[in-house]
Amino acid sequence: MSQLKPNKTVDVAIIGGGTAGLAAYRAAKEHTSSVVMIEAGPYGTTCARVGCMPSKLLIAAAENAHQYHKSAQFGVNLGKPKIDGFAVMQRVKAERDRFVSFVLESVDGIEAEHKIDGYAEFVDQHHLRVSHSNGDTLIIKAKRIVIASGSRPAYPAAWQALGDRLLINDDIFEWDRLPKSVAVFGPGVIGLELGQALHRLGVKVLMFGVGGAVGPLSDPALTEYANIVYGNEFYLDSDAKVSLIERSEQGVKLRYQDQQGQSVETEVDYLIAATGRRPNTDKLGLDKLNIELDTRGVPVADHYTLQTSVSNIFIAGDASNQIPLLHEAADQGKIAGDNAGRGKNIRAGLRRSPIAAVFSDPQIAMVGESYRDIEQRLGNCGCFEIGSVSFENQGRSRVMLVNQGLAHLYGEQGTGRFLGAEIIGPNAEHLAHLLAWAHQAKMTVSQMLDMPFYHPVIEEGLRTALRDLNAKLHLGPEMIDACMECGVGS
């Protein structure tokens with residue numbers, strides 16, 4: 001490859017201009033001004049354009065409509081809400097565009113010579129070929145390279161036959177009006193959030209999955225609870241038997257076996273594919289490199305430095321196939337960019353305790369190690385215990401009529417250390433933050449119980465679970481059935 005004549009030579013080249021790429025750019029610039037960021041599509045983040053922000057706007061509208069339905073239980077009769085689908089989507093798109101504009105404003109502040117438009121692929125470990133849509137190509141020589149190419153929705157190729165009746169979450173946020181019916185395939189984070197929101201906005205929703213999983217949950221008890229609580233609100237079969245999916249004149253025809261074993265044939269306006277995302281690493285020319293890949297063809301990287309098996313190449317964000325969340329992408333981008341900018345003296349970056357949330361109702365949250373991970377690591381020796389709380393009779397939850405949910409907290413025998421949690425319940429996004437801080441501080445369950453808890457608050461549910469866990473770890477007294485102050489919780 002010594003015969004290659006580069007059009008541009010830099011210290012650091014970053015492939016991708018999303019959350020991880022922008023973070024990597026800023027971090028690398030702290031060490032060198034010789035940095036370029038290569039982006040083929042529009043600048044900006046998945047979160048702002050088609051992910052966390054527009055989905056939360058849709059969910060906010062759905063929650064507002066849902067409060068009308070619940071109001072009569074408080075003795076406040078607001079009647080049935082009239083949902084203006086056009087107005088809902090106008091606000092979603094307007095606010096979405098506002099969030100994206102903030103990202104673009106930041107990108108506009110980057111010097112033009114540091115931005116290159118086009119698709120990048122490796123020629124060798126120091127050279128990238130960048131192809132522009134107008135047919136032009138550039139050869140970029142870089143001492144170090146950060147892969148931050150993001151991810152894209154993945155679904156069965158056969159579904160392409162559905163044409164414009166097949167949607168991914170990106171497409172939903174371009175709607176002008178809400179459809180009458182949809183089938184959502186994939187009750188994961190994206191499918192669950194969007195499916196429930198559309199249901200509450202008056203769209204008929206059928207949700208199908210494979211294997212029984214709901215959201216990110218891995219604890220069998222919580223998975224079972226989730227199937228029941230969401231299935232009581234809209235049609236959910238997380239282990240569905242679907243025998244027909246085909247394009248019809250008006251939409252998509254489906255044939256499936258319902259949960260009573262009966263064959264059902266129906267038609268919906270659209271099929272929404274929420275069946276996961278695929279890292280954008282398959283078209284980078286990785287076969288030109290002697291680089292270690294995982295089973296999905298993604299470069300394996302050190303957890304703390306984000307350095308791959310090729311010492312001058314780093315990877316961050318959704319492309320890394322680690323945790324596809326904005327805060328993780330930002331952290332990884334910063335670490336990868338910092339190390340790429342340094343060149344020498346590679347440093348371990350701060351990797352925070354895992355935290356994830358699903359903005360369904362009830363919400364779902366994951367903190368620290370999952371049940372699946374703990375069971376694999378400690379299950380054979382019986383070295384962990386589970387503390388439990390149901391929110392169905394938890395004081396403040398019942399007062400607010402949000403009393404649905406179950407939380408499991410995990411602790412290590414002997415050390416008493418808090419290992420992680422899986423939660424389905426009210427305010428799970430906030431409960432998860434308290435637990436994530438405790439996990440990152442490597443607190444024991446006893447130390448967590450020494451923290452203040454006000455009364456009456458939903459957070460008291462965590463104290464109940466912690467007391468249950470502490471007793472099972474043989475580090476605290478046996479649980480009591482009810483507190484003396486108000487008779488609920490403990």
# chains A, B, ... in the order shown; residues from 1 in each chain; ligands from 1
>>> residues_around(residues="Ser263 in chain A", least_positions_apart="6", cutoff="10 Å", atoms="only C-alpha atoms", output="list in words")
Lys241, Val242, Ser243, Arg255, Tyr256 and Gln257 of chain A
>>> residues_around(residues="Leu401 in chain A", least_positions_apart="4", cutoff="10 Å", atoms="only C-alpha atoms", output="PyMOL selection string")
chain A and resi 70-71+73-74+392+396-397+426
>>> residues_around(residues="Lys204 in chain A", least_positions_apart="4", cutoff="12 Å", atoms="only C-alpha atoms", output="NGL selection string")
:A and (178-184 or 195-200 or 233-236 or 266-270)
>>> select_by_dssp(residues="range 395-450 of chain A", states="strand (DSSP E)", output="PyMOL selection string")
chain A and resi 406-412+418-425
>>> closest_atom_pairs(of="range 97-122 of chain A", to="range 50-67 of chain A", cutoff="12 Å", atoms="only C-alpha atoms", output="Markdown table")
| residue | atom | partner | partner_atom | distance |
| --- | --- | --- | --- | --- |
| A:Asp97 | CA | A:Pro54 | CA | 9.1 |
| A:Arg98 | CA | A:Met53 | CA | 10.3 |
| A:Phe99 | CA | A:Met53 | CA | 7.7 |
| A:Val100 | CA | A:Met53 | CA | 9.4 |
>>> write_last_selection(atoms="all heavy atoms", output="PDB file, in the first residue's frame")
ATOM      1  N   ASP A  97     -37.283  18.691  15.143  1.00  0.00           N
ATOM      2  CA  ASP A  97     -36.431  19.548  14.322  1.00  0.00           C
ATOM      3  C   ASP A  97     -35.665  20.548  15.185  1.00  0.00           C
ATOM      4  O   ASP A  97     -34.521  20.906  14.867  1.00  0.00           O
ATOM      5  CB  ASP A  97     -37.268  20.284  13.277  1.00  0.00           C
ATOM      6  CG  ASP A  97     -37.838  19.350  12.222  1.00  0.00           C
ATOM      7  OD1 ASP A  97     -37.376  18.193  12.140  1.00  0.00           O
ATOM      8  OD2 ASP A  97     -38.761  19.768  11.494  1.00  0.00           O
ATOM      9  N   ARG A  98     -36.291  20.975  16.253  1.00  0.00           N
ATOM     10  CA  ARG A  98     -35.615  21.903  17.170  1.00  0.00           C
ATOM     11  C   ARG A  98     -34.431  21.229  17.836  1.00  0.00           C
ATOM     12  O   ARG A  98     -33.330  21.807  17.924  1.00  0.00           O
ATOM     13  CB  ARG A  98     -36.617  22.398  18.223  1.00  0.00           C
ATOM     14  CG  ARG A  98     -36.057  23.360  19.247  1.00  0.00           C
ATOM     15  CD  ARG A  98     -37.195  23.944  20.084  1.00  0.00           C
ATOM     16  NE  ARG A  98     -36.687  24.691  21.217  1.00  0.00           N
ATOM     17  CZ  ARG A  98     -36.450  24.176  22.415  1.00  0.00           C
ATOM     18  NH1 ARG A  98     -36.693  22.882  22.631  1.00  0.00           N
ATOM     19  NH2 ARG A  98     -35.985  24.907  23.393  1.00  0.00           N
ATOM     20  N   PHE A  99     -34.610  19.993  18.299  1.00  0.00           N
ATOM     21  CA  PHE A  99     -33.505  19.260  18.923  1.00  0.00           C
ATOM     22  C   PHE A  99     -32.381  19.022  17.916  1.00  0.00           C
ATOM     23  O   PHE A  99     -31.205  19.173  18.234  1.00  0.00           O
ATOM     24  CB  PHE A  99     -33.994  17.925  19.494  1.00  0.00           C
ATOM     25  CG  PHE A  99     -34.873  18.055  20.701  1.00  0.00           C
ATOM     26  CD1 PHE A  99     -36.128  17.452  20.727  1.00  0.00           C
ATOM     27  CD2 PHE A  99     -34.453  18.774  21.810  1.00  0.00           C
ATOM     28  CE1 PHE A  99     -36.945  17.575  21.843  1.00  0.00           C
ATOM     29  CE2 PHE A  99     -35.273  18.897  22.935  1.00  0.00           C
ATOM     30  CZ  PHE A  99     -36.518  18.295  22.947  1.00  0.00           C
ATOM     31  N   VAL A 100     -32.752  18.639  16.689  1.00  0.00           N
ATOM     32  CA  VAL A 100     -31.746  18.392  15.662  1.00  0.00           C
ATOM     33  C   VAL A 100     -30.975  19.672  15.353  1.00  0.00           C
ATOM     34  O   VAL A 100     -29.762  19.646  15.122  1.00  0.00           O
ATOM     35  CB  VAL A 100     -32.406  17.835  14.382  1.00  0.00           C
ATOM     36  CG1 VAL A 100     -31.406  17.787  13.227  1.00  0.00           C
ATOM     37  CG2 VAL A 100     -32.968  16.438  14.636  1.00  0.00           C
TER      38      VAL A 100
END
>>> select_by_dssp(residues="range 265-455 of chain A", states="helix (DSSP H, G or I)", output="number ranges by chain")
A: 286-288, 317-320, 326-342, 371-381, 395-399, 428-440, 445-449
>>> residues_around(residues="range 342-351 of chain A", least_positions_apart="6", cutoff="9 Å", atoms="only C-alpha atoms", output="list of chain:residue names")
A:Asp11, A:Ala28, A:Glu30, A:His31, A:Thr32, A:Lys143, A:Arg144, A:His303, A:Tyr304, A:Thr305, A:Leu306, A:Gln307, A:Asn312, A:Glu328, A:Asp331, A:Gln332, A:Lys334, A:Ile335, A:Ala336
>>> closest_atom_pairs(of="range 236-347 of chain A", to="range 162-175 of chain A", cutoff="9 Å", atoms="only C-alpha atoms", output="JSON lines")
{"residue": "A:Ile245", "atom": "CA", "partner": "A:Leu162", "partner_atom": "CA", "distance": 8.5}
{"residue": "A:Glu246", "atom": "CA", "partner": "A:Leu162", "partner_atom": "CA", "distance": 6.5}
{"residue": "A:Arg247", "atom": "CA", "partner": "A:Leu162", "partner_atom": "CA", "distance": 5.1}
{"residue": "A:Ser248", "atom": "CA", "partner": "A:Leu162", "partner_atom": "CA", "distance": 8.5}
{"residue": "A:Gly251", "atom": "CA", "partner": "A:Arg165", "partner_atom": "CA", "distance": 6.1}
{"residue": "A:Val252", "atom": "CA", "partner": "A:Arg165", "partner_atom": "CA", "distance": 6.8}
{"residue": "A:Asp269", "atom": "CA", "partner": "A:Arg165", "partner_atom": "CA", "distance": 7.0}
{"residue": "A:Tyr270", "atom": "CA", "partner": "A:Arg165", "partner_atom": "CA", "distance": 4.8}
{"residue": "A:Leu271", "atom": "CA", "partner": "A:Leu166", "partner_atom": "CA", "distance": 5.1}
{"residue": "A:Ile272", "atom": "CA", "partner": "A:Leu167", "partner_atom": "CA", "distance": 4.7}
{"residue": "A:Ala273", "atom": "CA", "partner": "A:Ile168", "partner_atom": "CA", "distance": 5.2}
{"residue": "A:Ala274", "atom": "CA", "partner": "A:Ile168", "partner_atom": "CA", "distance": 6.6}
>>> closest_residue(among="A:Phe102, A:Ala112, A:Asn77, A:Val130", to="Ala13 in chain A", atoms="only C-alpha atoms")
A:Val130
